[in-house]
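Okay, so here's the structure we're looking at.
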Amino acid sequence: MKCAIIGGVSLLIIGLANATELKSPDGKIVLGFAVKDFSGAKACPVYTIAYKGKAVIAESRLGLELARVPLGEGMEILKETPGSNDSTWKPVYGERSSYRDSYNQLVVELKESAAPSRLLNLTFRVYNEGAAFCYNIPKQKGMERADITKENSEFRFAADHTAWPVNSAQGIYAKTPISRIKPGCERPLPVQIADDVFLALGEAKLVDAARMKFAPLSGVINSLVTHLDGSTDGALPLTTPWRFVMAAESAGRLLENNFMVLNLNDPCVIADTSWIKPGKVIREVT
């Protein structure tokens, strides 16, 4: 076994070519990534997530479809670039006066082995509060735009865990096993893995893109896949919103750690924020 530690990134070779582990700053969350033959597909990106030594997301496939043509099969790794960040920022208004943005990051550059040899980048971030990933389609020869018609980001679980799904905005969350989640499940989606392990699956930095929901993964038990509420068409380079998996020892701690979503969002671009004043909203839910 060979192992190298680079800024929170462990490069492991344990009978699995190009296997990489990315750890949170406190080491409690570990995201694994590899390109491998998986679930009937050749050389596709696959990831896993563990929390405090317990697997919470089993091997799950990643990929997109551009104009209904798959992008995420027959891939080879061109480059892996590790990085990290530890900074503090102040919101205009918020639950806290300042937020710490601390994570380890890995950018993976992929290329199709066969023609048309399209490029696809994946960015992974692991915080103490959870893990996140997004796709980037760089500008490349023969491609000026991309139309993302489907996203195949999977979330496979080892058992039929308890979840609290809802299928409408401001709906009523009901305790439901993963196997009974219906298509069009909203995010965030809370999931209980164990008495002391809770997850929240969701989306951040949703700008000029189709909204993500969840649906059962066809043919695979206890598993979900992203379901886009429409398509996303744009000039290259094109970056998707973040998909995140928060992890904590209690459901309440997930709520306390919701600043992870703010950290994944872009910084405020409004130069003069003096006119922004907090207010109150009362809504009736029936």
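In the structure tokens, chains take the letters A, B, ... in the order shown, each chain's residues start at 1, and ligands count up from 1 in the order shown.
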I'd like the contact shell of Val207 of chain A - 12 Å cut-off, only C-alpha atoms, skipping same-chain residues fewer than 6 positions apart - returned as a list in words.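 Returned residues: Thr232, Gly234, Leu238, Thr239, Thr240, Pro241, Trp242, Asn265 and Asp266 of chain A.
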Please, which residues of segment 32-263 of chain A, numbered as in this document, come out alpha helix (DSSP H) from DSSP, as a ChimeraX atom specification? /A:251-256,259-263
Would you mind exporting C-alpha atoms of the selected residues as a compact mmCIF listing (two decimals), in the first residue's frame?
# COMPACT_ATOMS: atom_id res chain seq x y z
CA ALA A 251 -30.65 16.43 13.76
CA GLY A 252 -30.31 19.61 15.80
CA ARG A 253 -26.62 19.86 15.00
CA LEU A 254 -27.44 19.74 11.29
CA LEU A 255 -29.52 22.88 11.77
CA GLU A 256 -26.73 24.57 13.72
CA PHE A 259 -23.80 27.91 7.54
CA MET A 260 -22.10 25.31 5.34
CA VAL A 261 -24.68 26.19 2.69
CA LEU A 262 -23.76 29.87 2.99
CA ASN A 263 -20.09 29.00 2.56
Report the distance between atom CA of Leu122 of chain A and atom CA of Val46 of chain A in Å, rounded to one decimal place. 11.1 Å
From a backbone DSSP assignment, name each residue in segment 76-241 of chain A labelled strand (DSSP E), as a VMD selection string. chain A and resid 76 to 89 99 to 112 119 to 127 130 to 137 145 to 151 154 to 156 162 to 163 176 to 177 189 to 194 197 to 204 212 to 216 223 to 228 232 to 235 238 to 239
Contacts of Asn85 of chain A within 8 Å, only C-alpha atoms, excl. fewer than 5 positions in-chain, as a PyMOL selection string: chain A and resi 101-104
Preceding selection exported with N, CA, C and O atoms as a PDB file, in the first residue's frame:
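See part17.pdb below for the written result:
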ATOM      1  N   ASP A 101     -15.011  29.727   7.041  1.00  0.00           N
ATOM      2  CA  ASP A 101     -15.095  28.946   5.803  1.00  0.00           C
ATOM      3  C   ASP A 101     -13.824  28.109   5.699  1.00  0.00           C
ATOM      4  O   ASP A 101     -12.809  28.552   5.156  1.00  0.00           O
ATOM      5  N   SER A 102     -13.879  26.896   6.243  1.00  0.00           N
ATOM      6  CA  SER A 102     -12.693  26.041   6.326  1.00  0.00           C
ATOM      7  C   SER A 102     -12.981  24.697   5.664  1.00  0.00           C
ATOM      8  O   SER A 102     -13.932  23.997   6.045  1.00  0.00           O
ATOM      9  N   TYR A 103     -12.171  24.350   4.663  1.00  0.00           N
ATOM     10  CA  TYR A 103     -12.387  23.091   3.950  1.00  0.00           C
ATOM     11  C   TYR A 103     -11.106  22.637   3.262  1.00  0.00           C
ATOM     12  O   TYR A 103     -10.166  23.412   3.054  1.00  0.00           O
ATOM     13  N   ASN A 104     -11.081  21.350   2.901  1.00  0.00           N
ATOM     14  CA  ASN A 104     -10.084  20.816   1.987  1.00  0.00           C
ATOM     15  C   ASN A 104     -10.767  20.517   0.661  1.00  0.00           C
ATOM     16  O   ASN A 104     -11.947  20.149   0.627  1.00  0.00           O
TER      17      ASN A 104
END
Report as a ChimeraX atom specification all protein, DNA and RNA residues lying within 10 Å of Ala41 of chain A, evaluated on only C-alpha atoms, omitting residues in the same chain fewer than 3 positions from it. /A:36-38,44-45,61,72-74
Can those selected residues be exported to a file as an mmCIF file, in the first residue's frame so that it contains all heavy atoms?
data_model
loop_
_atom_site.group_PDB
_atom_site.id
_atom_site.type_symbol
_atom_site.label_atom_id
_atom_site.label_comp_id
_atom_site.auth_asym_id
_atom_site.auth_seq_id
_atom_site.Cartn_x
_atom_site.Cartn_y
_atom_site.Cartn_z
ATOM 1 N N LYS A 36 -13.717 4.084 -12.183
ATOM 2 C CA LYS A 36 -13.701 2.618 -12.237
ATOM 3 C C LYS A 36 -14.910 2.104 -13.012
ATOM 4 O O LYS A 36 -15.873 2.845 -13.255
ATOM 5 C CB LYS A 36 -13.724 2.039 -10.820
ATOM 6 C CG LYS A 36 -14.930 2.481 -10.002
ATOM 7 C CD LYS A 36 -14.933 1.874 -8.602
ATOM 8 C CE LYS A 36 -15.207 0.390 -8.623
ATOM 9 N NZ LYS A 36 -15.415 -0.165 -7.275
ATOM 10 N N ASP A 37 -14.864 0.839 -13.391
ATOM 11 C CA ASP A 37 -16.031 0.179 -13.970
ATOM 12 C C ASP A 37 -17.025 -0.044 -12.839
ATOM 13 O O ASP A 37 -16.689 -0.629 -11.795
ATOM 14 C CB ASP A 37 -15.645 -1.154 -14.601
ATOM 15 C CG ASP A 37 -14.697 -0.990 -15.781
ATOM 16 O OD1 ASP A 37 -14.532 0.152 -16.256
ATOM 17 O OD2 ASP A 37 -14.121 -1.997 -16.219
ATOM 18 N N PHE A 38 -18.244 0.427 -13.032
ATOM 19 C CA PHE A 38 -19.200 0.388 -11.928
ATOM 20 C C PHE A 38 -20.617 0.314 -12.451
ATOM 21 O O PHE A 38 -21.001 1.061 -13.359
ATOM 22 C CB PHE A 38 -19.027 1.650 -11.062
ATOM 23 C CG PHE A 38 -19.953 1.728 -9.883
ATOM 24 C CD1 PHE A 38 -19.763 0.912 -8.771
ATOM 25 C CD2 PHE A 38 -21.031 2.594 -9.886
ATOM 26 C CE1 PHE A 38 -20.605 0.983 -7.685
ATOM 27 C CE2 PHE A 38 -21.881 2.682 -8.798
ATOM 28 C CZ PHE A 38 -21.671 1.855 -7.694
ATOM 29 N N CYS A 44 -16.202 5.140 -15.021
ATOM 30 C CA CYS A 44 -17.027 6.285 -14.637
ATOM 31 C C CYS A 44 -16.593 6.806 -13.265
ATOM 32 O O CYS A 44 -16.032 6.079 -12.453
ATOM 33 C CB CYS A 44 -18.509 5.915 -14.629
ATOM 34 S SG CYS A 44 -18.926 4.579 -13.506
ATOM 35 N N PRO A 45 -16.832 8.087 -12.973
ATOM 36 C CA PRO A 45 -16.477 8.644 -11.674
ATOM 37 C C PRO A 45 -17.384 8.087 -10.581
ATOM 38 O O PRO A 45 -18.608 8.029 -10.740
ATOM 39 C CB PRO A 45 -16.684 10.152 -11.839
ATOM 40 C CG PRO A 45 -17.116 10.382 -13.235
ATOM 41 C CD PRO A 45 -17.398 9.088 -13.873
ATOM 42 N N ARG A 61 -22.307 6.646 -8.303
ATOM 43 C CA ARG A 61 -21.804 7.128 -9.582
ATOM 44 C C ARG A 61 -22.113 8.612 -9.783
ATOM 45 O O ARG A 61 -23.080 9.141 -9.257
ATOM 46 C CB ARG A 61 -22.451 6.308 -10.700
ATOM 47 C CG ARG A 61 -21.969 6.611 -12.090
ATOM 48 C CD ARG A 61 -22.666 5.700 -13.077
ATOM 49 N NE ARG A 61 -22.499 6.150 -14.457
ATOM 50 C CZ ARG A 61 -23.100 5.617 -15.497
ATOM 51 N NH1 ARG A 61 -23.930 4.609 -15.319
ATOM 52 N NH2 ARG A 61 -22.893 6.080 -16.716
ATOM 53 N N GLY A 72 -19.682 11.035 -18.758
ATOM 54 C CA GLY A 72 -19.296 10.459 -17.475
ATOM 55 C C GLY A 72 -18.990 8.979 -17.586
ATOM 56 O O GLY A 72 -18.914 8.269 -16.588
ATOM 57 N N GLU A 73 -18.798 8.511 -18.816
ATOM 58 C CA GLU A 73 -18.409 7.132 -19.063
ATOM 59 C C GLU A 73 -17.162 7.121 -19.935
ATOM 60 O O GLU A 73 -16.938 8.028 -20.723
ATOM 61 C CB GLU A 73 -19.535 6.357 -19.750
ATOM 62 C CG GLU A 73 -20.816 6.276 -18.946
ATOM 63 C CD GLU A 73 -21.904 5.503 -19.681
ATOM 64 O OE1 GLU A 73 -21.565 4.669 -20.538
ATOM 65 O OE2 GLU A 73 -23.090 5.748 -19.395
ATOM 66 N N GLY A 74 -16.350 6.073 -19.775
ATOM 67 C CA GLY A 74 -15.115 5.989 -20.548
ATOM 68 C C GLY A 74 -14.175 7.137 -20.258
ATOM 69 O O GLY A 74 -13.540 7.685 -21.165
#
Close residues, segment 270-282 of chain A itself excluded, 12 Å, only C-alpha atoms, min 2 positions apart in chain, as a count of residues only: 10
Proximity of segment 38-97 of chain A to segment 171-195 of chain A: per-residue shortest pair, 10 Å limit, only C-alpha atoms, as CSV:
residue,atom,partner,partner_atom,distance
A:Lys54,CA,A:Ile193,CA,9.3
A:Ala55,CA,A:Ile193,CA,9.3
A:Val56,CA,A:Ile193,CA,6.9
A:Ile57,CA,A:Ile193,CA,9.8
Residues near segment 152-154 of chain A, cut-off 10 Å, only C-alpha atoms, skip fewer than 2 positions along chain, as a PyMOL selection string: chain A and resi 45-47+57-65+70-72+133-134+150+156-157+214-217+223-228+243
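Atom to atom, atom CA of Trp164 of chain A and atom CA of Ala248 of chain A stand 15.8 Å apart.
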Rank nothing, just name the residue among A:Ser231, A:Asn222, A:Ser250, A:Thr48 nearest to Ile148 of chain A, using only C-alpha atoms. A:Ser231
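Nearest-residue note for Gln170 of chain A: choosing from A:Thr88, A:Thr81, A:Ile49, A:Arg283, the minimum distance belongs to A:Arg283, counting only C-alpha atoms.
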In Å, rounded to a single decimal, give me how far atom CA of Glu76 of chain A is from atom CA of Leu119 of chain A. 9.8 Å
Determine, counting only C-alpha atoms, which protein, DNA and RNA residues have an atom within 12 Å of an atom of Leu78 of chain A; residues of the same chain fewer than 2 positions away are not included. Present the result as a ChimeraX atom specification. /A:18,35,75-76,80-81,107-113,117-122
